[in-house]
Amino acid sequence: MMSYKLLSLILCVTCLLSACTDSVSLSASEARLNDTGITWGGNYPKSNNEDCSAAINEQELAKGEQITGDILSQQDCASGRDVLLKNKQSAFEYQKIDGVGKALNSSATQWDCVIDKVSGLMWEVKKPSDEEYGSAGLHDADDRFTWYSGVSSENGGAVGDWNQQYNQCFGYRENTPMSYCNTGEFVSRVNTKGLCGYNDWRLPTRPELETLVHFGVTRPAISLDYFPNTQNDFYWSSSPVVRKTSSAWAVSFQFGFTAELQRTNGRPLRLVRPALEEGKE
Amino acid sequence: MLVITMKKDTIARFWILIVLMMPVSLFAEQFCQPENILSTAPGSRYDIRENGTVEDKNTGLVWLRCVQGKSGENCQTGSAIELTWAAALQYIAKVNEKGVAGYSDWRMPNIRELSTLVELQCVEPAISLDAFPFSPASHVWSSSPYHFYTHYSWYVDFTNGAATYDERIVNKQLRLVRDAN
């Protein structure tokens, strides 16, 4: 009995050390896209399950509505990476990175960046929130920025809001444009100083930012094990909105949805850079 | 100046012309801003197949080019089916009984998969018309239930490309996906 338990423990540990990942063949899409993080089913017309199951509550159906049969096998929880790997935590594959760009063990308590091994992107990690702008330094989770981009080929036809008057971020000084709390100036400041050994940080596009959304949780909708201090707020993307030069796309990390916001809004952000040359595999 | 010098009947004809042109502008026509917005899902990303499918070279996902209910080379035959979330989940089993494009392993895309189709350089619809011809600017269900408000599920609004949620009892369109072999 004892040896059997030991054997299964060893097998489990080997799994955790990702040998299991190699032994299960993921389809092309599962290797390139994160799973959603949803491991539970939705009932109809309302309520969710704890496990991957689904029920139709006939008493709650609208008059004349008739639904019988299987509503589970096509649901999110019934397929994908987490099902194939038989591990509910395996929707994402992250790696902690220290201040000089060195890979850390997942149990590390101090880290500055995270690599998403599936998307091939490296992300900025924010410092603890105390509801005071700038108190935790350049990467303070509390800091807020307006949307600003001087790159005319990518800004949707307008530069956005320079935000010269509001002290909403680390290092703000009156009449000092380089210190203003807007997305463009923040990117410049991070690249001047460097982060995790790199100077090619930028604001993520909306699809890049969406790769971080963990749809299985809310408030916040992200893995807090790797991205602590994430705010229940909209995070800026670099994607402009067609025909609306005063707006840009943001992702709610409170709930996970996308929204068009006014560029004058003060919102948090999380910078990104490409971590792997090929970006895939 | 020009208007002042025109005769009354000319002005009347001018207005008739404007009125006649109005219905044309009411037809939603895709609008893109390539000059100052980066493409997020260009047509070049898709391998277009003869059998009515496209393979996204970025994600490895294979999509049916027409929303369910539409058919033909340019997806102009028939009318799009709109179903509640539960009816949509069941409908796909029926699709797979018969099979489409030679396959019977079609799935309802999860919200992350469906969102990869969003082309933020364009609106009405916010999707590549090269890969998805005459695609409607419509709401399309995903297979993902919503966590916080449990009478909602996730969908993509292809009018502007938003990934958001709505009540499960609402009728929406369907776009099927399968994993590339």
# chains A, B, ... in the order shown; residues from 1 in each chain; ligands from 1
$ closest_atom_pairs --of "chain A" --to "chain B" --cutoff "7 Å" --atoms "only C-alpha atoms" --output "tab-separated table"
residue	atom	partner	partner_atom	distance
A:Ser27	CA	B:Asp179	CA	6.6
A:Ala28	CA	B:Gly60	CA	5.1
A:Ser29	CA	B:Gly60	CA	4.6
A:Arg32	CA	B:Thr59	CA	5.8
A:Leu33	CA	B:Thr59	CA	6.6
A:Thr36	CA	B:Arg112	CA	6.3
A:Gly41	CA	B:Pro145	CA	7.0
A:Gly42	CA	B:Pro145	CA	5.4
A:Tyr44	CA	B:Ala86	CA	6.5
A:Pro45	CA	B:Arg168	CA	6.0
A:Lys46	CA	B:His151	CA	4.0
A:Ser47	CA	B:Thr150	CA	4.6
A:Asn48	CA	B:Thr150	CA	5.8
A:Ile67	CA	B:Ala87	CA	6.9
A:Asp70	CA	B:Gln90	CA	6.3
A:Ile71	CA	B:Leu89	CA	5.5
A:Gln74	CA	B:Leu89	CA	5.6
A:Gln75	CA	B:Ser143	CA	4.8
A:Asp76	CA	B:Ser144	CA	5.0
A:Ser152	CA	B:Asn36	CA	6.2
A:Ser153	CA	B:Asn36	CA	4.1
A:Glu154	CA	B:Asn36	CA	4.6
A:Asn155	CA	B:Asn36	CA	5.8
A:Gly156	CA	B:Asn36	CA	4.7
A:Gly157	CA	B:Asn36	CA	6.0
A:Gly216	CA	B:His147	CA	6.3
A:Val217	CA	B:His147	CA	6.3
A:Thr218	CA	B:Phe148	CA	6.4
A:Pro240	CA	B:Ile37	CA	6.5
A:Val242	CA	B:Cys122	CA	6.4
A:Phe257	CA	B:Thr164	CA	5.0
A:Thr258	CA	B:Ala163	CA	5.5
A:Ala259	CA	B:Ala162	CA	6.6
$ residues_around --residues "region 228-230 of chain A" --least-positions-apart "4" --cutoff "9 Å" --atoms "only C-alpha atoms" --output "ChimeraX atom specification"
/A:125-129,141-142,220-224,253-254
$ write_last_selection --atoms "C-alpha atoms" --output "PDB file, in the first residue's frame"
ATOM      1  CA  VAL A 125       3.976  42.693 -13.139  1.00  0.00           C
ATOM      2  CA  LYS A 126       2.659  45.491 -10.907  1.00  0.00           C
ATOM      3  CA  LYS A 127       3.738  46.357  -7.362  1.00  0.00           C
ATOM      4  CA  PRO A 128       1.369  46.232  -4.344  1.00  0.00           C
ATOM      5  CA  SER A 129      -1.629  48.515  -4.311  1.00  0.00           C
ATOM      6  CA  ALA A 141      -0.648  48.979  -9.431  1.00  0.00           C
ATOM      7  CA  ASP A 142      -2.641  52.054  -8.388  1.00  0.00           C
ATOM      8  CA  PRO A 220     -10.381  40.092 -10.923  1.00  0.00           C
ATOM      9  CA  ALA A 221     -10.575  37.954 -14.104  1.00  0.00           C
ATOM     10  CA  ILE A 222      -6.897  36.960 -14.195  1.00  0.00           C
ATOM     11  CA  SER A 223      -4.552  34.497 -12.488  1.00  0.00           C
ATOM     12  CA  LEU A 224      -3.643  36.273  -9.229  1.00  0.00           C
ATOM     13  CA  PHE A 253     -10.008  42.772 -15.594  1.00  0.00           C
ATOM     14  CA  GLN A 254     -12.893  42.914 -13.158  1.00  0.00           C
TER      15      GLN A 254
END
$ closest_atom_pairs --of "region 194-257 of chain A" --to "region 147-150 of chain A" --cutoff "9 Å" --atoms "only C-alpha atoms" --output "Markdown table"
| residue | atom | partner | partner_atom | distance |
| --- | --- | --- | --- | --- |
| A:Trp236 | CA | A:Trp147 | CA | 7.3 |
| A:Ser237 | CA | A:Trp147 | CA | 8.8 |
| A:Ser238 | CA | A:Trp147 | CA | 8.3 |
| A:Ser247 | CA | A:Trp147 | CA | 8.6 |
| A:Ala248 | CA | A:Trp147 | CA | 7.5 |
$ write_last_selection --atoms "N, CA and C atoms" --output "PDB file, in the first residue's frame"
ATOM      1  N   TRP A 236      -5.921  49.601 -20.319  1.00  0.00           N
ATOM      2  CA  TRP A 236      -5.827  50.135 -21.683  1.00  0.00           C
ATOM      3  C   TRP A 236      -5.181  49.149 -22.652  1.00  0.00           C
ATOM      4  N   SER A 237      -5.724  49.082 -23.872  1.00  0.00           N
ATOM      5  CA  SER A 237      -5.014  48.430 -24.983  1.00  0.00           C
ATOM      6  C   SER A 237      -4.565  49.531 -25.931  1.00  0.00           C
ATOM      7  N   SER A 238      -3.713  49.174 -26.896  1.00  0.00           N
ATOM      8  CA  SER A 238      -3.237  50.157 -27.876  1.00  0.00           C
ATOM      9  C   SER A 238      -4.193  50.275 -29.060  1.00  0.00           C
ATOM     10  N   SER A 247     -11.982  57.578 -28.625  1.00  0.00           N
ATOM     11  CA  SER A 247     -12.047  56.349 -27.836  1.00  0.00           C
ATOM     12  C   SER A 247     -10.908  55.400 -28.169  1.00  0.00           C
ATOM     13  N   ALA A 248     -10.680  54.429 -27.279  1.00  0.00           N
ATOM     14  CA  ALA A 248      -9.761  53.317 -27.540  1.00  0.00           C
ATOM     15  C   ALA A 248     -10.317  52.098 -26.811  1.00  0.00           C
TER      16      ALA A 248
END
$ residues_around --residues "Ala91 (chain A)" --least-positions-apart "2" --cutoff "10 Å" --atoms "only C-alpha atoms" --output "MDAnalysis selection string"
chainID A and resid 30 33:39 80:83 85 87:89 93:94 118 214 216
$ residues_around --residues "region 111-117 of chain A" --least-positions-apart "4" --cutoff "8 Å" --atoms "only C-alpha atoms" --output "PyMOL selection string"
chain A and resi 92-99+101+104+121-126+195-196+226+275
$ write_last_selection --atoms "C-alpha atoms" --output "compact mmCIF listing (two decimals), in the first residue's frame"
# COMPACT_ATOMS: atom_id res chain seq x y z
CA PHE A 92 -2.44 28.82 -18.66
CA GLU A 93 1.31 28.20 -18.66
CA TYR A 94 3.17 31.05 -17.00
CA GLN A 95 6.77 31.58 -15.92
CA LYS A 96 7.95 34.10 -13.34
CA ILE A 97 10.89 36.33 -14.36
CA ASP A 98 13.13 38.41 -12.09
CA GLY A 99 14.31 42.00 -12.52
CA GLY A 101 15.29 38.67 -16.94
CA LEU A 104 12.33 31.84 -11.57
CA LEU A 121 4.49 37.29 -24.67
CA MET A 122 6.28 38.77 -21.64
CA TRP A 123 4.20 40.91 -19.27
CA GLU A 124 4.91 43.63 -16.73
CA VAL A 125 3.98 42.69 -13.14
CA LYS A 126 2.66 45.49 -10.91
CA LEU A 195 12.40 46.24 -17.10
CA CYS A 196 13.48 42.60 -16.67
CA TYR A 226 1.12 35.32 -11.38
CA ALA A 275 9.39 36.98 -25.28
$ closest_residue --among "A:Ala158, A:Arg173, A:Asn167, A:Thr146" --to "Tyr235 (chain A)" --atoms "only C-alpha atoms"
A:Thr146
$ atom_distance --atom1 "CA of Ser128 (chain B)" --atom2 "CA of Trp63 (chain B)"
12.5 Å
$ select_by_dssp --residues "region 28-71 of chain B" --states "strand (DSSP E or B)" --output "list in words"
Phe31, Cys32, Tyr46, Asp47, Ile48, Thr53, Val54, Glu55, Asp56, Leu61, Val62, Trp63, Leu64 and Ser71 of chain B
$ write_last_selection --atoms "C-alpha atoms" --output "PDB file, in the first residue's frame"
ATOM      1  CA  PHE B  31     -15.818  50.416 -43.038  1.00  0.00           C
ATOM      2  CA  CYS B  32     -12.061  50.040 -42.447  1.00  0.00           C
ATOM      3  CA  TYR B  46      -6.441  32.423 -43.385  1.00  0.00           C
ATOM      4  CA  ASP B  47      -5.950  29.577 -45.863  1.00  0.00           C
ATOM      5  CA  ILE B  48      -9.136  29.520 -47.892  1.00  0.00           C
ATOM      6  CA  THR B  53     -13.779  26.318 -44.711  1.00  0.00           C
ATOM      7  CA  VAL B  54     -10.784  28.474 -43.801  1.00  0.00           C
ATOM      8  CA  GLU B  55      -7.805  27.560 -41.649  1.00  0.00           C
ATOM      9  CA  ASP B  56      -6.377  30.289 -39.443  1.00  0.00           C
ATOM     10  CA  LEU B  61      -8.375  26.543 -36.001  1.00  0.00           C
ATOM     11  CA  VAL B  62     -10.587  25.660 -38.985  1.00  0.00           C
ATOM     12  CA  TRP B  63     -13.765  27.739 -39.410  1.00  0.00           C
ATOM     13  CA  LEU B  64     -16.840  27.437 -41.602  1.00  0.00           C
ATOM     14  CA  SER B  71     -24.527  28.797 -47.665  1.00  0.00           C
TER      15      SER B  71
END
$ closest_residue --among "A:Leu269, A:Cys181, A:Leu209, A:Val159" --to "Thr245 (chain A)" --atoms "only C-alpha atoms"
A:Val159
$ atom_distance --atom1 "CA of Val100 (chain A)" --atom2 "CA of Met178 (chain A)"
24.6 Å
$ select_by_dssp --residues "region 10-181 of chain B" --states "alpha helix (DSSP H)" --output "tab-separated table (two decimals) with N, CA and C atoms, in the first residue's frame"
chain	number	residue	atom	x	y	z
B	10	THR	N	-34.98	72.44	-60.02
B	10	THR	CA	-33.68	71.78	-59.93
B	10	THR	C	-33.40	71.38	-58.48
B	11	ILE	N	-33.76	72.32	-57.56
B	11	ILE	CA	-33.58	72.04	-56.13
B	11	ILE	C	-34.43	70.84	-55.71
B	12	ALA	N	-35.68	70.81	-56.21
B	12	ALA	CA	-36.58	69.70	-55.88
B	12	ALA	C	-35.99	68.38	-56.37
B	13	ARG	N	-35.49	68.37	-57.60
B	13	ARG	CA	-34.88	67.15	-58.15
B	13	ARG	C	-33.68	66.72	-57.31
B	14	PHE	N	-32.95	67.72	-56.86
B	14	PHE	CA	-31.77	67.47	-56.03
B	14	PHE	C	-32.16	66.71	-54.76
B	15	TRP	N	-33.26	67.17	-54.14
B	15	TRP	CA	-33.72	66.52	-52.90
B	15	TRP	C	-34.27	65.12	-53.15
B	16	ILE	N	-34.95	64.94	-54.27
B	16	ILE	CA	-35.45	63.60	-54.63
B	16	ILE	C	-34.28	62.64	-54.75
B	17	LEU	N	-33.24	63.14	-55.38
B	17	LEU	CA	-32.04	62.32	-55.57
B	17	LEU	C	-31.46	61.90	-54.21
B	18	ILE	N	-31.41	62.85	-53.29
B	18	ILE	CA	-30.88	62.57	-51.94
B	18	ILE	C	-31.72	61.48	-51.27
B	19	VAL	N	-33.06	61.65	-51.36
B	19	VAL	CA	-33.97	60.69	-50.73
B	19	VAL	C	-33.79	59.30	-51.35
B	20	LEU	N	-33.65	59.27	-52.68
B	20	LEU	CA	-33.48	58.00	-53.38
B	20	LEU	C	-32.19	57.30	-52.95
B	21	MET	N	-31.18	58.10	-52.62
B	21	MET	CA	-29.88	57.52	-52.25
B	21	MET	C	-29.86	56.99	-50.82
B	22	MET	N	-30.78	57.46	-49.99
B	22	MET	CA	-30.75	57.10	-48.57
B	22	MET	C	-30.78	55.59	-48.27
B	23	PRO	N	-31.71	54.85	-48.90
B	23	PRO	CA	-31.73	53.41	-48.57
B	23	PRO	C	-30.39	52.71	-48.84
B	24	VAL	N	-29.68	53.18	-49.85
B	24	VAL	CA	-28.40	52.57	-50.18
B	24	VAL	C	-27.43	52.70	-48.99
B	25	SER	N	-27.44	53.91	-48.38
B	25	SER	CA	-26.53	54.13	-47.27
B	25	SER	C	-26.96	53.37	-46.02
B	26	LEU	N	-28.24	52.95	-46.00
B	26	LEU	CA	-28.71	52.19	-44.84
B	26	LEU	C	-28.20	50.76	-44.85
B	85	TRP	N	-28.98	30.29	-26.30
B	85	TRP	CA	-27.70	29.62	-26.01
B	85	TRP	C	-27.90	28.11	-25.92
B	86	ALA	N	-28.96	27.65	-25.23
B	86	ALA	CA	-29.20	26.22	-25.07
B	86	ALA	C	-29.53	25.56	-26.41
B	87	ALA	N	-30.39	26.20	-27.20
B	87	ALA	CA	-30.76	25.64	-28.50
B	87	ALA	C	-29.54	25.58	-29.42
B	88	ALA	N	-28.65	26.55	-29.28
B	88	ALA	CA	-27.43	26.58	-30.10
B	88	ALA	C	-26.52	25.40	-29.74
B	89	LEU	N	-26.39	25.14	-28.44
B	89	LEU	CA	-25.54	24.02	-27.99
B	89	LEU	C	-26.06	22.69	-28.53
B	90	GLN	N	-27.39	22.56	-28.58
B	90	GLN	CA	-27.99	21.32	-29.08
B	90	GLN	C	-27.94	21.22	-30.59
B	91	TYR	N	-28.06	22.35	-31.23
B	91	TYR	CA	-28.11	22.41	-32.70
B	91	TYR	C	-26.85	21.80	-33.32
B	92	ILE	N	-25.71	22.00	-32.67
B	92	ILE	CA	-24.43	21.55	-33.24
B	92	ILE	C	-24.36	20.03	-33.33
B	93	ALA	N	-24.97	19.34	-32.36
B	93	ALA	CA	-25.03	17.87	-32.43
B	93	ALA	C	-25.72	17.45	-33.72
B	94	LYS	N	-26.79	18.16	-34.07
B	94	LYS	CA	-27.52	17.84	-35.31
B	94	LYS	C	-26.67	18.10	-36.54
B	95	VAL	N	-25.89	19.18	-36.50
B	95	VAL	CA	-25.00	19.50	-37.62
B	95	VAL	C	-24.01	18.36	-37.82
B	96	ASN	N	-23.47	17.85	-36.71
B	96	ASN	CA	-22.46	16.80	-36.79
B	96	ASN	C	-23.03	15.44	-37.19
B	97	GLU	N	-24.34	15.23	-36.97
B	97	GLU	CA	-24.98	13.98	-37.42
B	97	GLU	C	-24.85	13.86	-38.94
B	98	LYS	N	-25.08	14.98	-39.62
B	98	LYS	CA	-25.00	14.99	-41.08
B	98	LYS	C	-23.57	15.26	-41.56
B	111	ILE	N	-15.07	31.50	-25.99
B	111	ILE	CA	-14.99	32.95	-26.18
B	111	ILE	C	-13.60	33.38	-26.65
B	112	ARG	N	-12.55	32.68	-26.20
B	112	ARG	CA	-11.21	33.06	-26.64
B	112	ARG	C	-11.01	32.74	-28.11
B	113	GLU	N	-11.51	31.57	-28.54
B	113	GLU	CA	-11.39	31.20	-29.96
B	113	GLU	C	-12.18	32.15	-30.85
B	114	LEU	N	-13.42	32.44	-30.47
B	114	LEU	CA	-14.27	33.32	-31.27
B	114	LEU	C	-13.68	34.73	-31.39
B	115	SER	N	-13.08	35.21	-30.30
B	115	SER	CA	-12.50	36.55	-30.30
B	115	SER	C	-11.31	36.69	-31.25
$ atom_distance --atom1 "CA of Gly64 (chain A)" --atom2 "CA of Arg175 (chain B)"
26.3 Å
$ closest_residue --among "A:Leu72, A:Arg202, A:Trp40, A:Gly266" --to "Ala55 (chain A)" --atoms "only C-alpha atoms"
A:Leu72
